[in-house]
Amino acid sequence: MQKTRFLTGITPSGTPHLGNYAGMIRPAVQASLNPGVESFYFLADYHALIKCQEPERVNRSTLEISASWLAAGLDPARVTFYRQSDVPEIPELTWFLTCVTGKGLLNRAHAYKAAQDKNAEAGRDTDDGVSAGLFMYPVLMGADILAFNAHKVPVGRDQIQHIEMARDMASSFNHLYGEFFTLPEAVIEEAVATLPGLDGRKMSKSYNNTIPVFTPREQLRKLIGGLVTDSRAPGEPKEVEGSALFQIYQAFASLDETAQLRQAYADGIAWGDAKAMLFERIDREIAPLRARYEELMAHPEQVEQALRQGAEKARAHATPLLRELRHAVGLRPLQVAAAAAPAAKAKVGNAAFKQYREADGQFYFKLVDHDGGVLLQSNGFAAPRDAGLMIAQLREQPGQLAALAHAVQVGDGYTADDVQQALQALADAAQK
Ligand code: TRP
């Protein structure tokens, strides 16, 4: 059974805070434990350059965010965890997509329009201070997603439009060049809390009201001490509604614990005591992770190594896909044009699968046409059964070809369309 592939990016332009932890890191680590999913998480450092032109900060934030995810329990052996800029296929795909994306589509992107509106209000030229990077951002994001043919993309509401644009890009490309891309879907986590920050507004680095997740214990206590409350005195009943302290507590506590704090509010708990409860509750969850975080921060080379291994895993998908895409768009080795293409077309009937073992001990298969031309070549599999399963899938569902592009390559002189036709002919023959 094919697993559902989840993919999401985190832009490294700041220090992870409790809102990021409760809203994204913790649920993502949880979700990655589900055996039915395959997860791709990456540091979107090319994206960071759009907003942040401080090299030290991009670098530092990449380390902090990576260390946070690892400390929070993300297992790099289970998921594919990588840095965008370690995957050169992404910028290459960005260009392919750029060329099939209408400029008008990008004109409608919210982030770009917001920048324009702000300029218009201030009486400036509408493109004042708007980089081409900001304008192109949805295409880069489309490439992030499509390079891995992700099915589901967990994002915040503000990103839904970008996923729709990625679908548009995928459709345009598929329409022009063949069915290479799965159309991705946004996943919006309704249940996940957005936490209020120290001033009661949404916790966000742009409001400067954040509590860094892995700030040292005493610093955490101090920051929580500065959380806004109303001016009710000890003994006076307090409202949970609209209380930032209560909302943050809820994101860390069990239902029972939350009910206890609700009661304590009704009984007039002093704000100082409520803050102490909140501090203790958060620290109980964070302290063991903090120790791991500090260790990783002291050993950036371990984080570097995890990311590089992740990039290798990621490229095992992206490299063969881009090889096919280059071919599909016409970036191919030169050959005698008139003869080669039609001849290959005529030969795709009567194709057959061949399974074999190589000297490397791995199991392979290929799809050959009746003249022995290699239409499709698989990567190596550890077990013959895995090769067999993929053959069965291709035979029964020729339409899965694009989705299996990480494991098979179209042979030289053929196109994905040729292979598709050959598979379809096999499937049709099996029907009879
Ligand atoms: N743009 C996203 C954000 O600001 C981050 C991101 C970059 C992303 N590439 C992605 C998210 C691909 C999901 C998929 O939050």
# chains A, B, ... in the order shown; residues from 1 in each chain; ligands from 1
call {"tool": "residues_near_ligand", "arguments": {"ligand": "ligand 1", "cutoff": "8 Å", "atoms": "only C-alpha atoms and all ligand atoms", "output": "PyMOL selection string"}}
result
chain A and resi 7-11+43-44+47+137-138+140-142+144-145+153-156+159+162-163
call {"tool": "write_last_selection", "arguments": {"atoms": "N, CA and C atoms", "output": "short mmCIF file (atom, residue, chain, number, x, y, z; two decimals), in the first residue's frame"}}
result
data_model
loop_
_atom_site.label_atom_id
_atom_site.label_comp_id
_atom_site.auth_asym_id
_atom_site.auth_seq_id
_atom_site.Cartn_x
_atom_site.Cartn_y
_atom_site.Cartn_z
N LEU A 7 4.27 16.64 3.62
CA LEU A 7 5.48 17.45 3.50
C LEU A 7 5.19 18.85 4.01
N THR A 8 6.12 19.38 4.79
CA THR A 8 5.97 20.78 5.17
C THR A 8 7.32 21.44 5.41
N GLY A 9 7.35 22.75 5.19
CA GLY A 9 8.60 23.51 5.33
C GLY A 9 8.52 24.50 6.47
N ILE A 10 9.66 24.77 7.07
CA ILE A 10 9.75 25.74 8.16
C ILE A 10 10.80 26.76 7.75
N THR A 11 10.42 28.02 7.71
CA THR A 11 11.36 29.05 7.27
C THR A 11 12.27 29.46 8.42
N LEU A 43 13.91 22.52 6.26
CA LEU A 43 14.23 23.89 6.60
C LEU A 43 14.21 24.68 5.30
N ALA A 44 13.27 25.60 5.19
CA ALA A 44 13.08 26.33 3.93
C ALA A 44 14.04 27.53 3.91
N HIS A 47 13.71 30.18 1.23
CA HIS A 47 12.61 31.09 1.53
C HIS A 47 13.05 32.16 2.53
N TYR A 137 7.92 33.72 -4.76
CA TYR A 137 7.85 32.82 -3.61
C TYR A 137 6.89 31.64 -3.81
N PRO A 138 5.68 31.86 -4.38
CA PRO A 138 4.79 30.70 -4.53
C PRO A 138 5.34 29.63 -5.47
N LEU A 140 8.62 28.84 -5.84
CA LEU A 140 9.60 28.09 -5.06
C LEU A 140 8.88 27.11 -4.13
N MET A 141 7.82 27.57 -3.54
CA MET A 141 7.06 26.70 -2.64
C MET A 141 6.42 25.55 -3.42
N GLY A 142 5.94 25.84 -4.62
CA GLY A 142 5.39 24.78 -5.47
C GLY A 142 6.45 23.72 -5.74
N ASP A 144 9.06 23.01 -3.92
CA ASP A 144 9.30 22.27 -2.68
C ASP A 144 8.38 21.05 -2.58
N ILE A 145 7.14 21.30 -2.95
CA ILE A 145 6.11 20.27 -2.77
C ILE A 145 6.14 19.25 -3.91
N VAL A 153 -0.13 18.64 2.55
CA VAL A 153 0.77 19.68 3.01
C VAL A 153 0.15 20.41 4.20
N PRO A 154 0.61 20.07 5.43
CA PRO A 154 0.07 20.77 6.60
C PRO A 154 0.60 22.20 6.64
N VAL A 155 -0.30 23.16 6.66
CA VAL A 155 0.10 24.57 6.68
C VAL A 155 -0.89 25.39 7.47
N GLY A 156 -0.52 26.62 7.77
CA GLY A 156 -1.44 27.58 8.37
C GLY A 156 -2.38 28.12 7.29
N GLN A 159 -1.42 30.02 4.19
CA GLN A 159 -0.66 29.36 3.12
C GLN A 159 -1.55 28.57 2.15
N HIS A 162 -1.17 29.27 -1.48
CA HIS A 162 0.05 28.77 -2.12
C HIS A 162 -0.09 27.32 -2.55
N ILE A 163 -0.83 26.55 -1.77
CA ILE A 163 -1.01 25.14 -2.14
C ILE A 163 -1.91 25.07 -3.38
#
call {"tool": "residues_around", "arguments": {"residues": "region 25-30 of chain A", "least_positions_apart": "6", "cutoff": "10 Å", "atoms": "only C-alpha atoms", "output": "list in words"}}
result
Phe6, Thr8, Ile10, Pro16, Leu18, Gly19, Ser39, Tyr41, Ile65, Ser68, Trp69, Leu70, Ala72, Gly73, Leu74, Asp75, Val79, Pro154, Glu189 and Val192 of chain A
call {"tool": "closest_residue", "arguments": {"among": "A:Gly372, A:Gly197, A:Gly349, A:Gly330", "to": "Phe96 (chain A)", "atoms": "only C-alpha atoms"}}
result
A:Gly330
call {"tool": "residues_around", "arguments": {"residues": "Glu164 (chain A)", "least_positions_apart": "6", "cutoff": "12 Å", "atoms": "only C-alpha atoms", "output": "list in words"}}
result
Leu105, Leu106, Arg108, Ala109, Pro138, Val139, Met141, Gly142, Ile145, Lys152, Val153, Arg157, Asp158, Ala170, Ser171, Leu183, Pro184, Glu185, Ala186 and Val187 of chain A
call {"tool": "closest_residue", "arguments": {"among": "A:Ala22, A:Ala276, A:Ala416, A:Leu322", "to": "Ala143 (chain A)", "atoms": "only C-alpha atoms"}}
result
A:Leu322
call {"tool": "residues_around", "arguments": {"residues": "Thr182 (chain A)", "least_positions_apart": "6", "cutoff": "12 Å", "atoms": "only C-alpha atoms", "output": "list in words"}}
result
Thr4, Arg5, Gly142, Ile145, Leu146, Ala147, Phe148, Asn149, Ala150, His151, Lys152, Ala166, Arg167, Asp168, Met169, Ala170, Ser171, Ser172, Phe173, Asn174, Gly399, Gln400, Leu401, Ala402, Ala403, Leu404 and Ala405 of chain A
call {"tool": "write_last_selection", "arguments": {"atoms": "C-alpha atoms", "output": "PDB file, in the first residue's frame"}}
result
ATOM      1  CA  THR A   4       0.281   9.111   2.282  1.00  0.00           C
ATOM      2  CA  ARG A   5       3.151  11.510   1.869  1.00  0.00           C
ATOM      3  CA  GLY A 142       5.387  24.776  -5.471  1.00  0.00           C
ATOM      4  CA  ILE A 145       6.113  20.273  -2.772  1.00  0.00           C
ATOM      5  CA  LEU A 146       6.126  18.887  -6.302  1.00  0.00           C
ATOM      6  CA  ALA A 147       9.761  17.742  -6.229  1.00  0.00           C
ATOM      7  CA  PHE A 148       8.516  15.041  -3.856  1.00  0.00           C
ATOM      8  CA  ASN A 149       5.015  14.568  -5.175  1.00  0.00           C
ATOM      9  CA  ALA A 150       3.623  15.152  -1.700  1.00  0.00           C
ATOM     10  CA  HIS A 151      -0.055  14.350  -1.203  1.00  0.00           C
ATOM     11  CA  LYS A 152      -0.745  16.412   1.891  1.00  0.00           C
ATOM     12  CA  ALA A 166       1.053  24.558  -6.548  1.00  0.00           C
ATOM     13  CA  ARG A 167      -1.899  22.536  -7.838  1.00  0.00           C
ATOM     14  CA  ASP A 168      -2.287  24.947 -10.741  1.00  0.00           C
ATOM     15  CA  MET A 169       1.399  24.626 -11.581  1.00  0.00           C
ATOM     16  CA  ALA A 170       1.221  20.841 -11.384  1.00  0.00           C
ATOM     17  CA  SER A 171      -1.815  20.747 -13.692  1.00  0.00           C
ATOM     18  CA  SER A 172      -0.246  23.081 -16.243  1.00  0.00           C
ATOM     19  CA  PHE A 173       2.930  21.044 -16.301  1.00  0.00           C
ATOM     20  CA  ASN A 174       1.084  17.726 -16.500  1.00  0.00           C
ATOM     21  CA  GLY A 399      -1.435   5.800 -14.045  1.00  0.00           C
ATOM     22  CA  GLN A 400       0.806   5.320 -10.974  1.00  0.00           C
ATOM     23  CA  LEU A 401       3.899   5.778 -13.076  1.00  0.00           C
ATOM     24  CA  ALA A 402       4.449   9.395 -12.079  1.00  0.00           C
ATOM     25  CA  ALA A 403       3.923   8.584  -8.412  1.00  0.00           C
ATOM     26  CA  LEU A 404       6.597   5.878  -8.613  1.00  0.00           C
ATOM     27  CA  ALA A 405       9.089   8.143 -10.327  1.00  0.00           C
TER      28      ALA A 405
END
call {"tool": "select_by_dssp", "arguments": {"residues": "region 40-113 of chain A", "states": "strand (DSSP E or B)", "output": "count of residues only"}}
result
8
call {"tool": "closest_residue", "arguments": {"among": "A:Ala71, A:Asp86, A:Arg60, A:Val37", "to": "Gln305 (chain A)", "atoms": "only C-alpha atoms"}}
result
A:Asp86
call {"tool": "atom_distance", "arguments": {"atom1": "CA of Ala352 (chain A)", "atom2": "CA of Gly411 (chain A)"}}
result
14.1 Å
call {"tool": "closest_residue", "arguments": {"among": "A:Leu423, A:Ala359, A:Leu307, A:Leu97", "to": "Met136 (chain A)", "atoms": "only C-alpha atoms"}}
result
A:Leu97
call {"tool": "residues_around", "arguments": {"residues": "Arg78 (chain A)", "least_positions_apart": "5", "cutoff": "10 Å", "atoms": "only C-alpha atoms", "output": "number ranges by chain"}}
result
A: 32-33, 35, 38-40
